[in-house]
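Since the structure comes first, as structure tokens, the remarks are kept for the end.
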Amino acid sequence: YKSEISKEDKMKKLGLLLILVGILFLSVPKISEYLLLKKGQDINISQLSDKDLEKNAKPSSEINYDASKIDPININGVILNRDRADMSKVIGQLVIPSINKNIALFEGLENNSLMYGACTMKPNQHMGQGNYAIAGHYCKNDKILFGGLMNIKEGDIIKLTNKKNIYEYKAIKMMKVKDDRVDLIGDGLLGQYDGKAIISLMTCYYDEAGYRYFVIGSFNRLYPYSKEKMLEGISE
């Protein structure tokens with residue numbers, strides 16, 4: 001009799017354990033999303049002045065621009081990562097009102113920085129000049145990092161700021177391309193757009209390895225920075 005109870009107890013405990021494991025397995029992606037969302041929210045761009053951003057943007061041999069050194073974003077990496085954002089690498093802010101996107105812009109391609117915001121892809125870039133190339137991780141949740149980038153439509157406004165000026169671009173082309181299209185981040189692309197300055201936003205393509213998704217914006221206008229103008233159209 002005791003043996004039968006013991007077996008029943010063991011089966012119940014095993015069943016409970018399997019249920020808990022299943023719940024945990026299903027919860028992990030949501031935990032990962034929450035942590036990424038919180039990381040982005042933890043970046044307080046308001047604590048940095050225009051002089052801070054200018055200082056952060058100065059060239060350094062220690063900054064990486066080699067995309068091959070960037071790891072794909074994964075659940076384990078997000079959960080295990082305990083590094084804080086390096087605020088000394090924040091050089092600006094990227095806002096896209098149509099998709100309610102408001103994230104920090106970091107200098108250089110760094111795995112940790114890409115968990116907190118978007119990153120510049122080339123050294124010595126200047127807002128409003130040349131082809132300003134920016135990369136960000138794709139996420140299924142539109143609120144996180146470059147999630148929602150594929151919802152941008154022609155004519156949508158893209159804003160960059162260094163807190164001195166706001167550099168406004170208009171989306172003119174969206175495309176899925178092979179991941180070897182490095183020409184799309186170079187200044188040679190300007191010839192296709194009447195020589196005007198452009199911005200190139202790049203993320204991984206969500207359903208196919210070996211592809212990237214680009215949004216190209218053409219420079220539209222420049223005006224003095226204010227927090228209200230920068231965040232116009234953005235909801236909490």
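Here, A, B, ... name the chains of the structure tokens in the order displayed, residue numbers run from 1 inside each chain, and ligands are numbered from 1 in the same displayed order.
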Closest atom pairs, residues of stretch 74-157 of chain A within 6 Å of stretch 198-205 of chain A, only C-alpha atoms, as a tab-separated table:
```
residue	atom	partner	partner_atom	distance
A:Asn131	CA	A:Ile198	CA	4.9
A:Tyr132	CA	A:Ile199	CA	4.6
A:Ala133	CA	A:Ser200	CA	4.6
A:Ile134	CA	A:Leu201	CA	5.0
A:Ala135	CA	A:Met202	CA	4.8
A:Gly136	CA	A:Thr203	CA	5.4
A:His137	CA	A:Thr203	CA	5.7
A:Tyr138	CA	A:Thr203	CA	5.6
```
Store the residues of this selection in a file with N, CA, C and O atoms, as a short mmCIF file (atom, residue, chain, number, x, y, z; two decimals), in the first residue's frame.
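The resulting again08.cif:
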```cif
data_model
loop_
_atom_site.label_atom_id
_atom_site.label_comp_id
_atom_site.auth_asym_id
_atom_site.auth_seq_id
_atom_site.Cartn_x
_atom_site.Cartn_y
_atom_site.Cartn_z
N ASN A 131 26.05 59.17 -46.58
CA ASN A 131 25.11 58.09 -46.29
C ASN A 131 25.30 57.69 -44.83
O ASN A 131 26.26 57.01 -44.48
N TYR A 132 24.39 58.14 -43.98
CA TYR A 132 24.49 57.87 -42.54
C TYR A 132 23.89 56.50 -42.27
O TYR A 132 22.66 56.33 -42.28
N ALA A 133 24.76 55.50 -42.06
CA ALA A 133 24.32 54.11 -41.95
C ALA A 133 24.18 53.68 -40.50
O ALA A 133 25.10 53.86 -39.69
N ILE A 134 23.03 53.09 -40.18
CA ILE A 134 22.71 52.67 -38.82
C ILE A 134 22.17 51.25 -38.83
O ILE A 134 21.37 50.88 -39.70
N ALA A 135 22.60 50.44 -37.86
CA ALA A 135 22.12 49.06 -37.74
C ALA A 135 21.40 48.86 -36.41
O ALA A 135 21.71 49.52 -35.41
N GLY A 136 20.45 47.94 -36.40
CA GLY A 136 19.75 47.59 -35.18
C GLY A 136 19.23 46.17 -35.27
O GLY A 136 18.99 45.66 -36.36
N HIS A 137 19.06 45.52 -34.13
CA HIS A 137 18.55 44.15 -34.11
C HIS A 137 17.06 44.13 -34.42
O HIS A 137 16.28 44.93 -33.90
N TYR A 138 16.66 43.16 -35.25
CA TYR A 138 15.24 42.94 -35.49
C TYR A 138 14.61 42.20 -34.30
O TYR A 138 15.21 41.29 -33.74
#
```
Can you tell me, as a short mmCIF file (atom, residue, chain, number, x, y, z; two decimals) with N, CA and C atoms, in the first residue's frame, what residues are no more than 12 Å from A:Ser235 when counting only C-alpha atoms, ignoring any on the same chain fewer than 5 positions away?
```cif
data_model
loop_
_atom_site.label_atom_id
_atom_site.label_comp_id
_atom_site.auth_asym_id
_atom_site.auth_seq_id
_atom_site.Cartn_x
_atom_site.Cartn_y
_atom_site.Cartn_z
N VAL A 95 14.50 58.86 -33.90
CA VAL A 95 13.05 58.87 -33.68
C VAL A 95 12.34 58.67 -35.02
N ILE A 96 11.38 57.73 -35.04
CA ILE A 96 10.55 57.49 -36.23
C ILE A 96 9.10 57.49 -35.76
N PRO A 97 8.42 58.63 -35.85
CA PRO A 97 7.06 58.76 -35.29
C PRO A 97 6.05 57.75 -35.82
N SER A 98 6.12 57.40 -37.10
CA SER A 98 5.11 56.53 -37.70
C SER A 98 5.07 55.15 -37.07
N ILE A 99 6.19 54.70 -36.50
CA ILE A 99 6.22 53.39 -35.83
C ILE A 99 6.49 53.56 -34.32
N ASN A 100 6.35 54.79 -33.85
CA ASN A 100 6.53 55.11 -32.43
C ASN A 100 7.90 54.64 -31.91
N LYS A 101 8.93 54.90 -32.71
CA LYS A 101 10.28 54.45 -32.38
C LYS A 101 11.10 55.62 -31.83
N ASN A 102 11.66 55.40 -30.65
CA ASN A 102 12.48 56.42 -29.98
C ASN A 102 13.60 55.69 -29.25
N LYS A 143 7.85 47.15 -30.43
CA LYS A 143 8.27 48.17 -29.48
C LYS A 143 9.77 48.10 -29.17
N GLU A 228 10.66 68.84 -27.54
CA GLU A 228 9.28 68.77 -28.01
C GLU A 228 9.22 68.46 -29.51
#
```
Interatomic distance between atom CA of A:Tyr65 and atom CA of A:Cys119? 9.3 Å
Residues of stretch 48-155 of chain A classed as strand (DSSP E) by DSSP on the backbone are to be reported as JSON, numbers by chain. {"A": [90, 91, 92, 93, 94, 95, 96, 101, 102, 103, 104, 105, 106, 117, 118, 119, 120, 131, 132, 133, 134, 135]}
Which of stretch 60-115 of chain A end up as helix (DSSP H, G or I) when DSSP is run on this backbone - answer as a ChimeraX atom specification? /A:67-69,75-80,87-89,97-99,113-115
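Between atom CA of A:Lys58 and atom CA of A:Val182 the separation is 23.9 Å.
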Which residues, written as a ChimeraX atom specification, have at least one atom at most 7 Å from stretch 105-112 of chain A, with only C-alpha atoms counted and residues fewer than 6 positions away on the same chain left out? /A:57,63-67,70-71,85,89-94,118-121
Surrounding residues of A:Glu208 excluding itself and chain neighbours under 5 positions, 12 Å, only C-alpha atoms, as a PDB file with all heavy atoms, in the first residue's frame:
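The resulting file, around-v5.pdb, is reproduced below:
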```
ATOM      1  N   LYS A 176      14.428  44.359 -49.308  1.00  0.00           N
ATOM      2  CA  LYS A 176      15.057  43.150 -48.786  1.00  0.00           C
ATOM      3  C   LYS A 176      16.221  42.812 -49.717  1.00  0.00           C
ATOM      4  O   LYS A 176      16.046  42.733 -50.935  1.00  0.00           O
ATOM      5  CB  LYS A 176      14.033  42.009 -48.767  1.00  0.00           C
ATOM      6  CG  LYS A 176      14.621  40.640 -48.491  1.00  0.00           C
ATOM      7  CD  LYS A 176      13.571  39.567 -48.732  1.00  0.00           C
ATOM      8  CE  LYS A 176      14.156  38.176 -48.654  1.00  0.00           C
ATOM      9  NZ  LYS A 176      13.166  37.125 -48.997  1.00  0.00           N
ATOM     10  N   VAL A 177      17.409  42.613 -49.141  1.00  0.00           N
ATOM     11  CA  VAL A 177      18.596  42.377 -49.964  1.00  0.00           C
ATOM     12  C   VAL A 177      19.449  41.268 -49.345  1.00  0.00           C
ATOM     13  O   VAL A 177      19.301  40.926 -48.176  1.00  0.00           O
ATOM     14  CB  VAL A 177      19.458  43.662 -50.103  1.00  0.00           C
ATOM     15  CG1 VAL A 177      18.667  44.778 -50.758  1.00  0.00           C
ATOM     16  CG2 VAL A 177      20.003  44.106 -48.745  1.00  0.00           C
ATOM     17  N   LYS A 178      20.365  40.721 -50.136  1.00  0.00           N
ATOM     18  CA  LYS A 178      21.326  39.752 -49.616  1.00  0.00           C
ATOM     19  C   LYS A 178      22.249  40.446 -48.623  1.00  0.00           C
ATOM     20  O   LYS A 178      22.502  41.645 -48.715  1.00  0.00           O
ATOM     21  CB  LYS A 178      22.144  39.162 -50.765  1.00  0.00           C
ATOM     22  CG  LYS A 178      21.350  38.274 -51.701  1.00  0.00           C
ATOM     23  CD  LYS A 178      21.052  36.913 -51.089  1.00  0.00           C
ATOM     24  CE  LYS A 178      22.273  36.030 -51.012  1.00  0.00           C
ATOM     25  NZ  LYS A 178      21.967  34.694 -50.460  1.00  0.00           N
ATOM     26  N   ASP A 179      22.771  39.668 -47.678  1.00  0.00           N
ATOM     27  CA  ASP A 179      23.581  40.271 -46.619  1.00  0.00           C
ATOM     28  C   ASP A 179      24.970  40.713 -47.068  1.00  0.00           C
ATOM     29  O   ASP A 179      25.745  41.247 -46.277  1.00  0.00           O
ATOM     30  CB  ASP A 179      23.698  39.332 -45.419  1.00  0.00           C
ATOM     31  CG  ASP A 179      24.330  37.991 -45.777  1.00  0.00           C
ATOM     32  OD1 ASP A 179      24.816  37.832 -46.908  1.00  0.00           O
ATOM     33  OD2 ASP A 179      24.322  37.091 -44.912  1.00  0.00           O
ATOM     34  N   TYR A 213      17.215  43.821 -44.257  1.00  0.00           N
ATOM     35  CA  TYR A 213      16.146  44.740 -44.661  1.00  0.00           C
ATOM     36  C   TYR A 213      16.648  46.159 -44.473  1.00  0.00           C
ATOM     37  O   TYR A 213      17.176  46.510 -43.418  1.00  0.00           O
ATOM     38  CB  TYR A 213      14.894  44.514 -43.819  1.00  0.00           C
ATOM     39  CG  TYR A 213      13.682  45.258 -44.336  1.00  0.00           C
ATOM     40  CD1 TYR A 213      12.920  44.743 -45.371  1.00  0.00           C
ATOM     41  CD2 TYR A 213      13.313  46.481 -43.794  1.00  0.00           C
ATOM     42  CE1 TYR A 213      11.811  45.418 -45.860  1.00  0.00           C
ATOM     43  CE2 TYR A 213      12.203  47.173 -44.270  1.00  0.00           C
ATOM     44  CZ  TYR A 213      11.460  46.633 -45.294  1.00  0.00           C
ATOM     45  OH  TYR A 213      10.374  47.307 -45.778  1.00  0.00           O
TER      46      TYR A 213
END
```
